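Undergrad: Got a structure for you, target_26.tsv, holding TSV, C-alpha atoms and all ligand atoms.
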chain	number	residue	atom	x	y	z
A	1103	THR	CA	-4.45	-10.98	-9.41
A	1104	GLN	CA	-5.92	-11.77	-6.04
A	1105	GLN	CA	-8.99	-9.93	-4.78
A	1106	HIS	CA	-8.20	-7.30	-2.16
A	1107	LEU	CA	-9.48	-7.46	1.41
A	1108	ILE	CA	-11.56	-4.91	3.31
A	1109	ALA	CA	-11.09	-4.47	7.06
A	1110	PRO	CA	-13.55	-2.03	8.66
A	1111	SER	CA	-12.04	-0.41	11.75
A	1112	VAL	CA	-14.24	-0.89	14.80
A	1113	LEU	CA	-12.68	2.27	16.28
A	1114	ALA	CA	-15.28	4.21	14.30
A	1115	ALA	CA	-18.23	2.03	15.36
A	1116	ASP	CA	-20.89	3.14	17.84
A	1117	PHE	CA	-19.52	1.69	21.09
A	1118	ALA	CA	-22.98	1.84	22.67
A	1119	ASN	CA	-24.27	-0.36	19.84
A	1120	LEU	CA	-21.27	-2.57	19.32
A	1121	GLU	CA	-23.19	-5.81	18.77
A	1122	ARG	CA	-25.31	-4.16	16.08
A	1123	ASP	CA	-22.21	-2.82	14.33
A	1124	VAL	CA	-20.42	-6.17	14.56
A	1125	GLN	CA	-23.45	-7.83	12.98
A	1126	MET	CA	-23.40	-5.24	10.20
A	1127	VAL	CA	-19.80	-6.20	9.40
A	1128	ASN	CA	-20.71	-9.91	9.59
A	1129	GLU	CA	-23.47	-9.39	7.03
A	1130	SER	CA	-21.34	-7.20	4.78
A	1131	GLU	CA	-18.71	-8.10	2.19
A	1132	ALA	CA	-15.94	-7.15	4.61
A	1133	ASP	CA	-13.18	-9.70	5.13
A	1134	TRP	CA	-11.76	-8.85	8.56
A	1135	PHE	CA	-12.49	-6.79	11.65
A	1136	HIS	CA	-9.72	-4.24	12.25
A	1137	ILE	CA	-9.26	-3.80	16.00
A	1138	ASP	CA	-7.26	-0.76	17.20
A	1139	ILE	CA	-5.80	-1.17	20.68
A	1140	MET	CA	-4.13	1.97	22.12
A	1141	ASP	CA	-2.35	2.56	25.41
A	1142	GLY	CA	-2.13	6.35	25.70
A	1143	VAL	CA	1.68	6.01	25.68
A	1144	PHE	CA	2.70	4.85	22.22
A	1145	VAL	CA	-0.09	7.03	20.82
A	1146	PRO	CA	-1.77	10.05	22.42
A	1147	ASN	CA	-5.13	8.33	22.82
A	1148	ILE	CA	-6.76	5.32	24.52
A	1149	SER	CA	-9.29	3.32	22.53
A	1150	PHE	CA	-10.43	0.10	24.22
A	1151	GLY	CA	-8.74	-2.96	25.61
A	1152	PHE	CA	-8.96	-6.74	25.60
A	1153	PRO	CA	-12.28	-7.13	27.47
A	1154	VAL	CA	-14.03	-5.10	24.75
A	1155	MET	CA	-12.15	-6.99	22.06
A	1156	ASN	CA	-13.33	-10.21	23.67
A	1157	ALA	CA	-16.94	-9.01	23.50
A	1158	ILE	CA	-16.46	-8.25	19.80
A	1159	ALA	CA	-14.88	-11.67	19.21
A	1160	LYS	CA	-17.93	-13.41	20.69
A	1161	HIS	CA	-20.10	-12.02	17.88
A	1162	ALA	CA	-17.60	-11.65	15.05
A	1163	MET	CA	-17.82	-14.23	12.27
A	1164	LYS	CA	-14.69	-12.98	10.51
A	1165	PRO	CA	-11.02	-12.84	11.57
A	1166	LEU	CA	-9.87	-10.16	14.03
A	1167	ASP	CA	-6.96	-8.17	12.64
A	1168	VAL	CA	-5.51	-6.59	15.77
A	1169	HIS	CA	-3.40	-3.44	15.51
A	1170	LEU	CA	-1.47	-2.95	18.75
A	1171	MET	CA	-0.56	0.70	19.21
A	1172	ILE	CA	1.14	0.02	22.52
A	1173	VAL	CA	4.69	0.12	23.87
A	1174	ASP	CA	6.45	-3.18	24.54
A	1175	PRO	CA	3.71	-5.33	22.94
A	1176	ASP	CA	5.45	-8.58	23.99
A	1177	ARG	CA	3.63	-8.21	27.32
A	1178	TYR	CA	0.23	-8.65	25.68
A	1179	LEU	CA	0.67	-11.14	22.82
A	1180	GLN	CA	-0.71	-14.12	24.74
A	1181	VAL	CA	-3.66	-12.10	26.06
A	1182	CYS	CA	-4.31	-10.81	22.57
A	1183	LYS	CA	-4.44	-14.34	21.17
A	1184	ASP	CA	-6.61	-15.56	24.07
A	1185	ASN	CA	-9.14	-12.83	23.34
A	1186	GLY	CA	-9.62	-13.79	19.72
A	1187	ALA	CA	-6.83	-12.32	17.57
A	1188	GLU	CA	-6.02	-14.07	14.32
A	1189	ILE	CA	-3.57	-11.46	13.03
A	1190	ILE	CA	-1.43	-9.52	15.51
A	1191	THR	CA	0.31	-6.40	14.24
A	1192	VAL	CA	2.92	-4.64	16.35
A	1193	HIS	CA	4.61	-1.33	15.62
A	1194	TYR	CA	8.18	-1.32	14.35
A	1195	GLU	CA	8.79	1.73	16.53
A	1196	ALA	CA	7.57	-0.09	19.67
A	1197	CYS	CA	9.74	-3.22	19.40
A	1198	THR	CA	13.35	-3.34	20.55
A	1199	HIS	CA	13.63	-6.98	19.50
A	1200	LEU	CA	11.25	-7.17	16.58
A	1201	HIS	CA	12.57	-10.48	15.26
A	1202	ARG	CA	11.86	-12.13	18.61
A	1203	THR	CA	8.42	-10.53	18.83
A	1204	LEU	CA	7.46	-11.83	15.38
A	1205	ALA	CA	8.57	-15.34	16.37
A	1206	ALA	CA	6.49	-15.10	19.56
A	1207	ILE	CA	3.38	-14.12	17.57
A	1208	LYS	CA	3.84	-17.09	15.23
A	1209	GLU	CA	4.51	-19.38	18.18
A	1210	LEU	CA	0.98	-18.53	19.33
A	1211	GLY	CA	-0.40	-19.62	15.96
A	1212	CYS	CA	-1.24	-16.11	14.79
A	1213	LYS	CA	-0.24	-14.26	11.64
A	1214	ALA	CA	2.46	-11.69	12.36
A	1215	GLY	CA	2.15	-8.10	11.18
A	1216	VAL	CA	4.39	-5.05	11.48
A	1217	ALA	CA	3.04	-1.51	11.29
A	1218	LEU	CA	5.16	1.43	10.13
A	1219	ASN	CA	4.45	5.00	11.18
A	1220	PRO	CA	4.40	7.54	8.34
A	1221	HIS	CA	7.99	8.62	9.12
A	1222	THR	CA	9.43	5.09	9.22
A	1223	PRO	CA	11.05	3.97	5.96
A	1224	VAL	CA	10.10	0.65	4.41
A	1225	SER	CA	13.81	-0.14	3.95
A	1226	LEU	CA	14.13	-0.76	7.72
A	1227	LEU	CA	12.24	-4.03	7.21
A	1228	LYS	CA	14.96	-5.47	4.96
A	1229	ASP	CA	16.29	-7.97	7.53
A	1230	VAL	CA	12.92	-9.17	8.84
A	1231	ILE	CA	10.76	-9.09	5.72
A	1232	GLN	CA	10.85	-12.89	5.39
A	1233	ASP	CA	9.41	-13.26	8.89
A	1234	ILE	CA	6.42	-11.00	8.29
A	1235	ASP	CA	2.95	-12.02	7.05
A	1236	LEU	CA	1.53	-8.51	6.81
A	1237	VAL	CA	2.92	-4.98	6.74
A	1238	CYS	CA	0.56	-2.23	7.83
A	1239	LEU	CA	1.59	1.07	6.28
A	1240	MET	CA	0.16	3.88	8.38
A	1241	SER	CA	-1.24	6.52	6.08
A	1242	VAL	CA	-1.99	8.81	9.06
A	1243	ASN	CA	-0.21	9.25	12.38
A	1244	PRO	CA	-1.75	6.54	14.56
A	1245	GLY	CA	-4.03	7.43	17.44
A	1246	PHE	CA	-7.20	8.77	15.91
A	1247	GLY	CA	-9.74	7.97	13.24
A	1248	GLY	CA	-10.92	10.49	10.69
A	1249	GLN	CA	-7.54	12.02	9.78
A	1250	LYS	CA	-6.28	13.14	6.41
A	1251	PHE	CA	-4.54	10.57	4.20
A	1252	ILE	CA	-0.79	11.11	3.68
A	1253	GLU	CA	0.05	11.01	-0.05
A	1254	ARG	CA	3.56	9.64	0.40
A	1255	THR	CA	1.93	6.26	1.13
A	1256	TYR	CA	1.65	5.39	-2.57
A	1257	SER	CA	5.40	5.26	-3.07
A	1258	LYS	CA	5.87	3.32	0.16
A	1259	ILE	CA	3.57	0.61	-1.21
A	1260	LYS	CA	5.73	0.31	-4.30
A	1261	GLU	CA	8.95	0.25	-2.27
A	1262	LEU	CA	7.53	-2.45	-0.01
A	1263	ARG	CA	6.40	-4.63	-2.91
A	1264	ALA	CA	9.87	-4.32	-4.45
A	1265	LEU	CA	11.53	-5.24	-1.15
A	1266	ALA	CA	9.35	-8.35	-0.80
A	1267	ILE	CA	10.08	-9.47	-4.37
A	1268	GLU	CA	13.81	-8.86	-3.92
A	1269	ASN	CA	13.73	-11.18	-0.90
A	1270	ASN	CA	11.61	-13.87	-2.59
A	1271	THR	CA	8.82	-13.47	-0.12
A	1272	ASP	CA	5.21	-12.38	-0.09
A	1273	VAL	CA	3.59	-10.04	2.40
A	1274	LEU	CA	0.11	-8.62	2.57
A	1275	ILE	CA	0.27	-4.84	2.30
A	1276	GLU	CA	-2.34	-3.18	4.47
A	1277	ILE	CA	-3.14	0.54	4.38
A	1278	ASP	CA	-4.50	2.16	7.52
A	1279	GLY	CA	-5.79	5.71	7.86
A	1280	GLY	CA	-7.82	8.09	5.76
A	1281	VAL	CA	-8.92	5.42	3.28
A	1282	GLY	CA	-12.10	5.96	1.29
A	1283	LEU	CA	-13.45	5.68	-2.23
A	1284	SER	CA	-11.42	8.73	-3.33
A	1285	ASN	CA	-8.07	6.94	-2.85
A	1286	ALA	CA	-8.86	3.20	-2.64
A	1287	GLY	CA	-8.50	2.56	-6.37
A	1288	LYS	CA	-5.13	4.28	-6.52
A	1289	LEU	CA	-3.95	2.37	-3.43
A	1290	LEU	CA	-4.92	-0.96	-5.01
A	1291	GLU	CA	-3.21	0.03	-8.26
A	1292	ALA	CA	-0.05	0.80	-6.29
A	1293	GLY	CA	-0.19	-2.74	-4.86
A	1294	ALA	CA	-2.19	-2.66	-1.63
A	1295	ASP	CA	-3.84	-5.93	-0.54
A	1296	VAL	CA	-5.85	-4.88	2.51
A	1297	LEU	CA	-7.72	-1.62	3.01
A	1298	VAL	CA	-8.65	-0.54	6.53
A	1299	ALA	CA	-11.51	1.94	6.66
A	1300	GLY	CA	-13.02	3.38	9.81
A	1301	SER	CA	-14.86	6.66	9.55
A	1302	PHE	CA	-15.47	6.29	5.82
A	1303	VAL	CA	-17.53	3.15	6.50
A	1304	PHE	CA	-19.15	3.93	9.83
A	1305	ASN	CA	-20.02	7.56	9.06
A	1306	SER	CA	-21.70	6.64	5.78
A	1307	GLN	CA	-25.46	6.37	5.29
A	1308	ASP	CA	-25.49	2.78	4.10
A	1309	GLN	CA	-22.52	1.07	5.76
A	1310	LYS	CA	-22.89	-2.29	4.02
A	1311	GLU	CA	-23.20	-0.57	0.66
A	1312	THR	CA	-20.04	1.44	1.41
A	1313	ILE	CA	-18.13	-1.75	2.25
A	1314	LYS	CA	-19.43	-3.34	-0.95
A	1315	ALA	CA	-18.28	-0.31	-2.97
A	1316	LEU	CA	-14.76	-0.65	-1.51
A	1317	LYS	CA	-14.77	-4.40	-2.14
A	1318	ASP	CA	-16.06	-4.09	-5.70
A	1319	ILE	CA	-13.24	-1.83	-6.93
A	1320	ASP	CA	-11.75	-3.57	-9.93
A	1321	ILE	CA	-8.39	-2.31	-11.08
A	1322	ASN	CA	-7.98	-4.74	-13.98
A	1401	LIG	C1	-5.55	5.01	13.58
A	1401	LIG	C2	-6.07	3.60	13.50
A	1401	LIG	C3	-6.90	3.37	12.31
A	1401	LIG	C4	-8.17	4.17	12.31
A	1401	LIG	C5	-8.51	4.50	10.88
A	1401	LIG	O1	-4.76	5.12	14.69
A	1401	LIG	O2	-4.98	2.70	13.42
A	1401	LIG	O3	-7.19	2.00	12.14
A	1401	LIG	O4	-9.24	3.50	12.91
A	1401	LIG	O5	-9.59	5.36	10.87
A	1401	LIG	P1	-9.98	6.16	9.56
A	1401	LIG	O6	-10.33	5.15	8.51
A	1401	LIG	O7	-11.17	6.96	10.01
A	1401	LIG	O8	-8.81	7.01	9.18
A	1402	ZN	ZN	-5.43	0.58	12.84
Can you present the structure in this file as structure tokens?
Ligand code: DX5
Ligand code: ZN
TA:
Amino acid sequence: TQQHLIAPSVLAADFANLERDVQMVNESEADWFHIDIMDGVFVPNISFGFPVMNAIAKHAMKPLDVHLMIVDPDRYLQVCKDNGAEIITVHYEACTHLHRTLAAIKELGCKAGVALNPHTPVSLLKDVIQDIDLVCLMSVNPGFGGQKFIERTYSKIKELRALAIENNTDVLIEIDGGVGLSNAGKLLEAGADVLVAGSFVFNSQDQKETIKALKDIDIN
């Protein structure tokens, strides 16, 4: 089986020491930078926007995995790409014409992701699963770091893997919210490919060591 990926969420970094924290991730065993963009409309919070993401991109030596928690994301796909995104994930709940949005992301040369809120069933992806590179299963309600992991996520991972297999396609399954060493092993066993971790990494004493511990989990 393929080694899983670790994507530290910059939302939990020290914004007054962003370059230092970006360098920490560069030097760590992390695979991607997870970038949470919020608009205060789709979610009840505002994080940071594209100028800050651009500043991160200038120092980042790993791909930017951008999670757009914004309404009508079509308006910002080009800007997102221009500011350094390699993977662009939009919310199922924010896209009236999801199939078109996914095509637009790929047209830009980016990988296309779809995020599902905790209440959104995996089965709704049936008719677009072949057009998706990554599915981000929200294991908290999006908007804030440091929330409690929702247990139902384990069965959603299994349902999603089954849906992908049924449709002869492969998607990366990313888990976002409340991830730490207490649940990472079980998430990987259920079939997760990418673990996002914000507060668990950035609030720890030795951040690089924490990333390494998440990366080193071996479920075989
Ligand atoms: C939540 C964001 C997450 C968040 C995760 O809205 O999408 O990426 O940063 O933070 P933790 O790992 O602290 O739950
Ligand atoms: Zn996120």
Undergrad: Within 9 Å of ligand ZN 1402 (chain A) (counting all atoms listed in the file), which residues show up? I'd like them as number ranges by chain.
TA: A: 1111, 1113, 1136-1139, 1167-1171, 1217, 1238, 1240, 1244-1247, 1277-1279, 1298-1300
Undergrad: Skip A:Ala1286 itself and residues of its chain fewer than 5 positions away, then list as a ChimeraX atom specification all residues within 10 Å of it, counting all atoms listed in the file.
TA: /A:1277,1280-1281,1291-1292,1294,1297-1299,1316-1317,1319
Undergrad: Do a neighbour search on A:Ala1206 at 8 Å with all atoms listed in the file, toss out local chain neighbours closer than 4 positions, and write the hits as a list in words.
TA: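 Here the qualifying residues turn out to be Asp1176, Leu1179, Arg1202 and Leu1210 of chain A.
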Undergrad: Hey, can you spit out that residue selection with C-alpha atoms as a PDB file, in the coordinates of the input?
TA:
ATOM      1  CA  ASP A1176       5.450  -8.580  23.990  1.00  0.00           C
ATOM      2  CA  LEU A1179       0.670 -11.140  22.820  1.00  0.00           C
ATOM      3  CA  ARG A1202      11.860 -12.130  18.610  1.00  0.00           C
ATOM      4  CA  LEU A1210       0.980 -18.530  19.330  1.00  0.00           C
TER       5      LEU A1210
END
Undergrad: Go through A:Gly1211, A:Pro1165, A:Gly1186, A:Pro1223 one by one, measure the shortest atom-to-atom distance of each to A:Ile1108 using all atoms listed in the file, and give the residue with the smallest value.
TA: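 The closest residue to A:Ile1108 is A:Pro1165.
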Undergrad: For ligand LIG 1401 (chain A), which residue out of A:Leu1262, A:Cys1182, A:Cys1212, A:Val1296 is the nearest one, using all atoms listed in the file?
TA: A:Val1296
Undergrad: Using all atoms listed in the file, which residue out of A:Leu1274, A:Ala1118, A:Ile1267, A:Ala1162 lies closest to A:Leu1236?
TA: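 Checking each candidate against A:Leu1236, we get A:Leu1274 as the closest.
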Undergrad: What gap, in Å, lies between atom CA of A:Asp1116 and atom CA of A:Asn1305?
TA: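 The value is 9.9 Å.
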Undergrad: A:Tyr1256, A:Tyr1194, A:Phe1251, A:Trp1134: which is nearest ligand LIG 1401 (chain A), counting all atoms listed in the file?
TA: A:Phe1251
Undergrad: Axis-aligned box over every listed atom of ligand LIG 1401 (chain A), padded by 6 Å per side: centre and edges in Å to one decimal, as lines of an AutoDock Vina configuration file?
TA:
center_x = -8.0
center_y = 4.5
center_z = 11.6
size_x = 18.4
size_y = 17.0
size_z = 18.2
Undergrad: Point out the residue among A:Glu1188, A:Glu1131, A:Glu1276, A:Glu1261 with the least atom-to-atom distance to ligand LIG 1401 (chain A), counting all atoms listed in the file.
TA: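 Looking only at the distances to ligand LIG 1401 (chain A), the closest residue turns out to be A:Glu1276.
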Undergrad: Considering only C-alpha atoms, state which residue in the set A:Gln1105, A:Asp1174, A:Ala1114, A:Arg1254 is at the smallest distance from A:Ser1306.
TA: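 Nearest to A:Ser1306: A:Ala1114.
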Undergrad: At the level of N, CA and C atoms, write stretch 1125-1136 of chain A to a file as a short mmCIF file (atom, residue, chain, number, x, y, z; two decimals), in the first residue's frame, please.
TA:
data_model
loop_
_atom_site.label_atom_id
_atom_site.label_comp_id
_atom_site.auth_asym_id
_atom_site.auth_seq_id
_atom_site.Cartn_x
_atom_site.Cartn_y
_atom_site.Cartn_z
N GLN A 1125 9.03 27.45 7.11
CA GLN A 1125 10.33 26.75 7.06
C GLN A 1125 10.29 25.45 7.87
N MET A 1126 9.62 25.50 9.00
CA MET A 1126 9.48 24.29 9.83
C MET A 1126 8.84 23.17 9.01
N VAL A 1127 7.75 23.52 8.30
CA VAL A 1127 7.07 22.50 7.48
C VAL A 1127 7.99 22.04 6.35
N ASN A 1128 8.72 22.97 5.73
CA ASN A 1128 9.68 22.60 4.68
C ASN A 1128 10.68 21.57 5.18
N GLU A 1129 11.17 21.77 6.39
CA GLU A 1129 12.22 20.90 6.94
C GLU A 1129 11.66 19.61 7.53
N SER A 1130 10.35 19.54 7.66
CA SER A 1130 9.73 18.37 8.28
C SER A 1130 9.45 17.28 7.25
N GLU A 1131 8.84 16.21 7.71
CA GLU A 1131 8.45 15.12 6.80
C GLU A 1131 7.06 15.32 6.22
N ALA A 1132 6.50 16.50 6.41
CA ALA A 1132 5.18 16.81 5.83
C ALA A 1132 5.26 16.76 4.30
N ASP A 1133 4.11 16.48 3.68
CA ASP A 1133 4.05 16.37 2.23
C ASP A 1133 3.49 17.62 1.57
N TRP A 1134 2.46 18.20 2.18
CA TRP A 1134 1.79 19.37 1.59
C TRP A 1134 1.60 20.43 2.67
N PHE A 1135 1.32 21.65 2.21
CA PHE A 1135 0.80 22.70 3.07
C PHE A 1135 -0.71 22.74 2.87
N HIS A 1136 -1.49 22.64 3.95
CA HIS A 1136 -2.94 22.78 3.84
C HIS A 1136 -3.30 24.24 4.14
#
